[in-house]
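**Student:** Okay, so here is protein.txt, and as you'll see once you scroll down, it has compact mmCIF, C-alpha atoms.
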# COMPACT_ATOMS: atom_id res chain seq x y z
CA MET A 1 -65.13 148.18 47.55
CA ASP A 2 -64.83 148.85 43.87
CA THR A 3 -63.09 152.07 42.93
CA LYS A 4 -64.51 152.68 39.47
CA THR A 5 -65.54 156.30 39.19
CA ASP A 6 -67.53 158.56 36.91
CA THR A 7 -70.26 157.45 34.58
CA ASP A 8 -68.82 156.81 31.13
CA THR A 9 -71.10 157.06 28.14
CA SER A 10 -68.46 158.07 25.66
CA ALA A 11 -68.61 154.87 23.64
CA ASN A 12 -71.30 152.64 22.22
CA SER A 13 -71.58 148.93 21.59
CA ASN A 14 -69.88 149.12 18.22
CA THR A 15 -66.53 150.11 19.67
CA SER A 16 -64.08 148.22 21.84
CA LYS A 17 -64.99 150.41 24.84
CA LEU A 18 -68.51 149.66 26.02
CA ALA A 19 -70.94 152.19 27.47
CA HIS A 20 -70.66 151.97 31.23
CA PHE A 21 -72.86 152.87 34.17
CA SER A 22 -71.60 153.33 37.71
CA VAL A 23 -72.08 155.78 40.54
CA ASN A 24 -69.04 157.62 41.90
CA VAL A 25 -68.06 155.33 44.76
CA ASP A 26 -64.99 157.39 45.73
CA LYS A 27 -67.10 160.49 46.34
CA ILE A 28 -69.73 158.50 48.22
CA LYS A 29 -67.07 157.18 50.62
CA LEU A 30 -66.40 160.80 51.63
CA VAL A 31 -69.97 161.33 52.82
CA ASP A 32 -70.45 158.07 54.68
CA VAL A 33 -72.72 159.34 57.43
CA GLY A 34 -75.47 157.54 59.30
CA ASN A 35 -78.65 159.28 58.20
CA PRO A 36 -78.65 160.21 54.50
CA LEU A 37 -81.57 162.66 54.96
CA SER A 38 -80.08 164.60 57.90
CA PRO A 39 -79.06 168.28 57.43
CA ASP A 40 -75.41 167.27 57.95
CA ALA A 41 -75.64 164.68 55.20
CA VAL A 42 -77.29 167.14 52.83
CA SER A 43 -74.54 169.74 53.37
CA MET A 44 -71.94 167.02 52.81
CA TYR A 45 -73.65 166.00 49.58
CA ASP A 46 -73.43 169.57 48.38
CA GLY A 47 -69.82 170.03 49.48
CA HIS A 48 -68.68 166.95 47.59
CA GLY A 49 -70.83 167.53 44.54
CA LEU A 50 -72.70 164.24 44.49
CA SER A 51 -74.97 163.74 41.51
CA ALA A 52 -78.61 162.66 41.83
CA GLN A 53 -77.68 159.06 41.05
CA ASP A 54 -74.85 159.09 43.61
CA ARG A 55 -77.29 160.32 46.25
CA LEU A 56 -79.98 157.79 45.39
CA PHE A 57 -77.39 155.03 45.65
CA PHE A 58 -76.19 156.43 48.95
CA CYS A 59 -79.73 156.29 50.39
CA LEU A 60 -80.24 152.73 49.13
CA ARG A 61 -76.92 151.54 50.50
CA GLN A 62 -77.83 152.92 53.94
CA ASN A 63 -81.10 150.96 54.00
CA THR A 64 -80.42 147.98 56.25
CA THR A 65 -83.79 146.30 55.76
CA LEU A 66 -83.02 144.93 52.28
CA GLY A 67 -81.53 141.44 51.93
CA HIS A 68 -77.99 140.87 50.66
CA CYS A 69 -76.79 138.66 47.84
CA VAL A 70 -73.34 137.73 46.46
CA PHE A 71 -72.60 136.57 42.90
CA ASN A 72 -69.31 134.95 41.86
CA PRO A 73 -67.36 135.93 38.72
CA GLY A 74 -68.99 134.32 35.68
CA GLU A 75 -72.33 133.83 37.42
CA LYS A 76 -75.47 135.06 35.63
CA ILE A 77 -77.38 137.64 37.67
CA ALA A 78 -80.20 137.95 35.12
CA VAL A 79 -81.14 136.12 31.93
CA ARG A 80 -82.96 138.08 29.23
CA GLY A 81 -86.52 136.74 28.88
CA ASP A 82 -86.67 135.12 32.33
CA ARG A 83 -89.28 136.22 34.86
CA VAL A 84 -88.05 138.61 37.57
CA HIS A 85 -88.58 137.51 41.17
CA PHE A 86 -85.95 139.69 42.84
CA ALA A 87 -84.57 143.01 41.56
CA GLN A 88 -80.91 143.65 42.39
CA ILE A 89 -79.24 146.90 43.44
CA VAL A 90 -75.50 146.56 42.89
CA ILE A 91 -73.43 147.69 45.87
CA SER A 92 -70.03 146.62 44.52
CA GLY A 93 -68.52 144.70 41.62
CA ASP A 94 -68.58 144.75 37.83
CA MET A 95 -70.82 143.09 35.27
CA THR A 96 -71.49 142.87 31.54
CA ALA A 97 -75.03 143.31 30.19
CA SER A 98 -76.38 142.57 26.75
CA ASP A 99 -79.54 142.26 24.69
CA GLU A 100 -79.97 141.78 20.95
CA LYS A 101 -78.70 145.29 20.11
CA ASN A 102 -76.60 146.57 23.01
CA ASN A 103 -73.63 145.63 25.15
CA PHE A 104 -72.88 147.52 28.35
CA THR A 105 -70.78 147.24 31.46
CA TYR A 106 -72.38 147.87 34.84
CA GLY A 107 -70.79 148.90 38.12
CA PRO A 108 -71.97 149.93 41.60
CA GLY A 109 -75.33 151.70 41.57
CA SER A 110 -76.75 149.66 38.72
CA VAL A 111 -80.30 148.41 39.20
CA ILE A 112 -81.22 145.12 37.55
CA GLY A 113 -84.76 144.00 36.76
CA LEU A 114 -86.77 146.36 38.97
CA ALA A 115 -88.87 148.22 36.39
CA GLU A 116 -89.35 145.00 34.42
CA GLY A 117 -90.44 143.04 37.48
CA MET A 118 -92.84 145.74 38.65
CA ALA A 119 -94.50 145.69 35.21
CA ASN A 120 -94.65 141.85 35.16
CA LEU A 121 -92.23 141.83 32.23
CA PRO A 122 -89.15 139.60 31.86
CA TYR A 123 -85.54 140.77 32.22
CA SER A 124 -84.52 143.11 29.38
CA PHE A 125 -80.82 142.18 29.59
CA THR A 126 -78.65 139.20 30.37
CA VAL A 127 -76.28 140.35 33.11
CA THR A 128 -73.13 138.39 34.02
CA ALA A 129 -70.77 139.11 36.93
CA THR A 130 -67.18 139.74 35.84
CA THR A 131 -65.94 140.17 39.42
CA ALA A 132 -67.50 139.24 42.75
CA VAL A 133 -70.73 141.27 42.94
CA ASN A 134 -72.53 142.32 46.12
CA THR A 135 -76.15 143.37 45.86
CA ARG A 136 -79.16 144.32 47.92
CA PHE A 137 -82.36 142.80 46.58
CA ILE A 138 -86.01 143.86 46.42
CA PRO A 139 -88.63 141.05 46.32
CA ILE A 140 -90.89 141.95 43.39
CA HIS A 141 -94.07 140.43 44.80
CA ASP A 142 -93.73 142.36 48.08
CA ALA A 143 -92.87 145.58 46.23
CA GLN A 144 -95.90 145.24 43.94
CA GLN A 145 -98.16 144.82 46.96
CA LYS A 146 -96.65 147.87 48.70
CA LEU A 147 -97.06 149.96 45.58
CA MET A 148 -100.77 149.11 45.31
CA GLN A 149 -101.30 150.12 48.96
CA THR A 150 -99.43 153.41 48.83
CA ASN A 151 -100.49 157.02 48.20
CA ALA A 152 -101.93 157.62 44.71
CA GLY A 153 -99.40 160.38 43.97
CA LEU A 154 -96.39 158.20 44.80
CA ARG A 155 -97.92 155.34 42.81
CA SER A 156 -98.24 157.63 39.78
CA ILE A 157 -94.59 158.72 40.05
CA CYS A 158 -93.42 155.10 40.32
CA ARG A 159 -95.60 154.08 37.36
CA THR A 160 -94.15 156.88 35.22
CA ALA A 161 -90.58 155.92 36.17
CA ILE A 162 -91.31 152.30 35.19
CA MET A 163 -92.83 153.30 31.85
CA ARG A 164 -89.99 155.71 30.99
CA THR A 165 -87.33 153.15 31.93
CA LEU A 166 -88.92 150.49 29.73
CA ASN A 167 -90.05 152.86 26.94
CA LEU A 168 -93.64 151.68 27.39
CA GLN A 169 -96.43 153.59 25.63
CA LYS A 170 -99.29 151.99 27.59
CA ILE A 171 -99.68 151.52 31.33
CA PRO A 172 -99.00 147.86 32.22
CA GLU A 173 -102.20 146.07 33.21
CA ASN A 174 -101.03 145.27 36.73
CA LEU A 175 -100.18 148.95 37.41
CA GLN A 176 -103.50 150.46 36.29
CA MET B 1 -100.55 164.86 49.33
CA ASN B 2 -99.45 168.13 50.98
CA GLY B 3 -98.38 171.27 49.12
CA PHE B 4 -99.90 170.72 45.70
CA ALA B 5 -101.30 173.27 43.25
CA LYS B 6 -102.81 173.19 39.80
CA VAL B 7 -100.59 174.96 37.23
CA LYS B 8 -101.08 175.69 33.52
CA PHE B 9 -98.51 176.09 30.75
CA LYS B 10 -99.00 177.36 27.21
CA ALA B 11 -97.42 175.68 24.18
CA GLY B 12 -93.72 176.60 24.16
CA ASP B 13 -93.52 177.49 27.86
CA VAL B 14 -90.45 176.13 29.61
CA VAL B 15 -91.40 174.43 32.90
CA PHE B 16 -87.77 174.25 34.00
CA TRP B 17 -84.28 174.30 32.55
CA ALA B 18 -81.51 171.75 33.03
CA GLY B 19 -79.33 173.02 35.88
CA ASP B 20 -82.21 174.65 37.79
CA VAL B 21 -82.68 173.69 41.43
CA ALA B 22 -85.24 170.86 41.53
CA ASP B 23 -87.86 171.84 44.07
CA LYS B 24 -91.12 170.66 42.47
CA LEU B 25 -92.55 167.55 40.89
CA TYR B 26 -95.33 167.62 38.28
CA ILE B 27 -98.12 165.15 37.52
CA MET B 28 -99.74 165.71 34.11
CA LYS B 29 -103.48 166.31 34.04
CA LYS B 30 -103.75 167.15 30.33
CA GLY B 31 -101.56 168.24 27.44
CA ALA B 32 -98.01 167.13 26.59
CA ILE B 33 -94.54 167.90 27.93
CA ARG B 34 -91.32 167.29 26.04
CA ILE B 35 -88.15 166.45 28.01
CA LEU B 36 -84.98 167.81 26.40
CA ASP B 37 -81.41 166.60 26.74
CA SER B 38 -79.26 169.01 28.77
CA ARG B 39 -76.37 168.95 26.30
CA SER B 40 -77.96 168.65 22.86
CA SER B 41 -81.45 170.05 23.64
CA HIS B 42 -82.82 167.13 21.63
CA PRO B 43 -86.11 165.71 22.97
CA PHE B 44 -85.77 162.22 24.46
CA ALA B 45 -89.22 161.77 26.04
CA THR B 46 -92.75 163.08 25.59
CA LEU B 47 -95.04 162.86 28.59
CA VAL B 48 -98.84 162.89 28.56
CA GLN B 49 -101.78 162.66 30.98
CA GLY B 50 -101.14 160.55 34.08
CA GLU B 51 -97.33 160.73 33.81
CA SER B 52 -95.04 162.69 36.12
CA PHE B 53 -91.72 164.49 35.77
CA GLY B 54 -89.22 166.36 37.93
CA GLU B 55 -88.56 163.52 40.35
CA GLN B 56 -85.15 164.97 41.31
CA CYS B 57 -87.01 167.16 43.82
CA ILE B 58 -87.10 164.15 46.15
CA LEU B 59 -83.43 164.97 46.82
CA SER B 60 -82.87 168.17 48.82
CA THR B 61 -81.06 170.67 46.60
CA GLY B 62 -81.25 168.29 43.65
CA ILE B 63 -80.45 169.76 40.24
CA ARG B 64 -82.51 169.29 37.06
CA SER B 65 -80.70 167.00 34.65
CA ALA B 66 -82.93 167.90 31.69
CA SER B 67 -85.24 170.69 30.54
CA ALA B 68 -89.03 170.40 30.23
CA MET B 69 -91.16 172.31 27.69
CA ALA B 70 -94.91 172.30 27.06
CA MET B 71 -95.75 171.09 23.52
CA GLU B 72 -99.37 172.26 23.77
CA ASP B 73 -101.59 173.88 26.40
CA THR B 74 -100.87 171.74 29.44
CA GLU B 75 -102.23 171.40 32.95
CA CYS B 76 -100.28 169.78 35.78
CA ILE B 77 -100.48 169.23 39.50
CA GLU B 78 -97.36 170.80 41.04
CA ILE B 79 -96.06 169.19 44.23
CA GLY B 80 -93.46 170.82 46.45
CA GLY B 81 -90.30 168.81 47.12
CA GLU B 82 -90.58 169.17 50.89
CA GLY B 83 -94.11 167.73 50.90
CA LEU B 84 -92.98 164.82 48.75
CA ARG B 85 -89.99 164.12 50.99
CA GLN B 86 -92.25 164.13 54.06
CA LEU B 87 -94.65 161.78 52.34
CA LEU B 88 -91.85 159.41 51.38
CA ALA B 89 -90.35 159.53 54.88
CA ALA B 90 -93.69 158.24 56.23
CA GLN B 91 -93.59 155.16 53.96
CA SER B 92 -92.20 151.75 54.86
CA PRO B 93 -88.47 151.12 54.23
CA LEU B 94 -89.39 148.82 51.34
CA MET B 95 -91.53 151.50 49.68
CA ARG B 96 -88.75 154.09 50.10
CA SER B 97 -86.21 151.71 48.59
CA LEU B 98 -88.56 150.89 45.73
CA PHE B 99 -89.02 154.58 44.96
CA GLU B 100 -85.30 155.40 45.13
CA ALA B 101 -84.28 152.32 43.13
CA LEU B 102 -86.83 153.04 40.37
CA LEU B 103 -85.43 156.56 40.00
CA LEU B 104 -81.89 155.17 39.98
CA GLN B 105 -82.79 152.64 37.27
CA LEU B 106 -84.37 155.45 35.23
CA HIS B 107 -81.11 157.48 35.56
CA MET B 108 -79.19 154.39 34.46
CA HIS B 109 -81.45 153.90 31.45
CA ASN B 110 -81.11 157.56 30.44
CA THR B 111 -77.32 157.46 30.87
CA LEU B 112 -76.79 154.33 28.81
CA LEU B 113 -79.38 154.72 26.07
CA ARG B 114 -79.91 158.47 25.59
Once more with this new file: its structure as structure tokens, please.
**Tutor:**
Amino acid sequence: MDTKTDTDTSANSNTSKLAHFSVNVDKIKLVDVGNPLSPDAVSMYDGHGLSAQDRLFFCLRQNTTLGHCVFNPGEKIAVRGDRVHFAQIVISGDMTASDEKNNFTYGPGSVIGLAEGMANLPYSFTVTATTAVNTRFIPIHDAQQKLMQTNAGLRSICRTAIMRTLNLQKIPENLQ
Amino acid sequence: MNGFAKVKFKAGDVVFWAGDVADKLYIMKKGAIRILDSRSSHPFATLVQGESFGEQCILSTGIRSASAMAMEDTECIEIGGEGLRQLLAAQSPLMRSLFEALLLQLHMHNTLLR
């Protein structure tokens, strides 16, 4: 698995070093236990100082019910403007991402197209694999149906997360 | 949802500071909350009725990554982290993954674009 470590936001798109997002895979390897919500796992999280994003990734990686996908180097994972059918959670590998203003690099822990798909909006970024990339995917249609059937409080939290991720000022019609 | 309470904040009240233990989530009923960057204290989001904040409480012993301050008289529903975790544990695996992945994508967005 990829060994890229801490999140790096020290540079922007105007410099040679691009802003980068990745969870800390090395730390996560140290807490590789079966049940991420067990008391043992929680004490291990604390002992190894995992961040919130490391822990969310850890929970997602442990979920065996999501489908797997592999992308080859050079393959496009998302094309800006295209409709989202499957959101991708990156388990390993590296990618570049760009829109009209920004260029980023993504690593493990990146989530591609989920907020956009849930709001019935197209991909915000074109994302291209630069190494072999392994993902778990979430079918957008199924996720939208689940969200509509779930508890009103959880639905509200999810809706807020979607709106904050996409900088939306109004609630998307399909999430009202 | 278990373990919720109505809470009120006056303009200028700090709901929580970056670095605090995250043990509650808030859903806005009225008013406005400003979310402040942990390093610069600059606001990067303003939340209004119907929006929620403090999602880190879904993680046991999670830590606040930003501060939250009321911009005007504000009323929220406060939900304990344990109740939220129990509620999430009762959901389908797909719903749990959706919830976790949305929070992860929000972290990613904040990291790259803040």
**Student:** Would you compute the distance between CA of Glu100 in chain B and CA of Met118 in chain A? Give it in Å to one decimal.
**Tutor:**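 If I compute the distance from CA of Glu100 in chain B to CA of Met118 in chain A, I get 13.9 Å.
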**Student:** Any idea what's packed within 8 Å of Met95 in chain A, counting only C-alpha atoms, ignoring anything in its chain fewer than 6 positions away? Could you give it as a PyMOL selection string?
**Tutor:** chain A and resi 105-107+127-131+133
**Student:** Kindly export the residues of the current selection with C-alpha atoms, as an mmCIF file, in the frame of the given file.
**Tutor:**
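Wrote it out as part.cif, contents follow:
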data_model
loop_
_atom_site.group_PDB
_atom_site.id
_atom_site.type_symbol
_atom_site.label_atom_id
_atom_site.label_comp_id
_atom_site.auth_asym_id
_atom_site.auth_seq_id
_atom_site.Cartn_x
_atom_site.Cartn_y
_atom_site.Cartn_z
ATOM 1 C CA THR A 105 -70.780 147.240 31.460
ATOM 2 C CA TYR A 106 -72.380 147.870 34.840
ATOM 3 C CA GLY A 107 -70.790 148.900 38.120
ATOM 4 C CA VAL A 127 -76.280 140.350 33.110
ATOM 5 C CA THR A 128 -73.130 138.390 34.020
ATOM 6 C CA ALA A 129 -70.770 139.110 36.930
ATOM 7 C CA THR A 130 -67.180 139.740 35.840
ATOM 8 C CA THR A 131 -65.940 140.170 39.420
ATOM 9 C CA VAL A 133 -70.730 141.270 42.940
#
**Student:** With the cut-off set at 6 Å and counting all atoms listed in the file, tabulate each residue of chain A with an atom at most that distance from an atom of chain B, showing the nearest atom pair and its distance in Å to one decimal, ordered by chain and increasing number, as CSV.
**Tutor:**
residue,atom,partner,partner_atom,distance
A:Gln53,CA,B:Leu104,CA,5.8
A:Leu56,CA,B:Glu100,CA,5.8
A:Val111,CA,B:Gln105,CA,5.3
A:Ile157,CA,B:Ser52,CA,5.6
A:Thr160,CA,B:Glu51,CA,5.2
A:Thr165,CA,B:Leu106,CA,5.0
**Student:** Can you pull out every residue within 12 Å of Asn174 in chain A, counting only C-alpha atoms, but drop anything in the same chain fewer than 6 positions away, and send it as a PyMOL selection string?
**Tutor:** chain A and resi 116-121+141+144-145+147-148+159
**Student:** Restricting the calculation to only C-alpha atoms: of B:Val48, B:Leu36, B:Ala90, B:Ala66, which residue gets closest to Gly19 in chain B?
**Tutor:** B:Ala66
**Student:** Could you work out how far CA of Ala161 in chain A lies from CA of Lys24 in chain B, giving the answer in Å with one decimal?
**Tutor:**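 Answer for the CA of Lys24 in chain B to CA of Ala161 in chain A separation: 16.0 Å.
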**Student:** In Å, how far is it from CA of Ala132 in chain A to CA of Asn72 in chain A?
**Tutor:**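 Separation between CA of Ala132 in chain A and CA of Asn72 in chain A: 4.7 Å.
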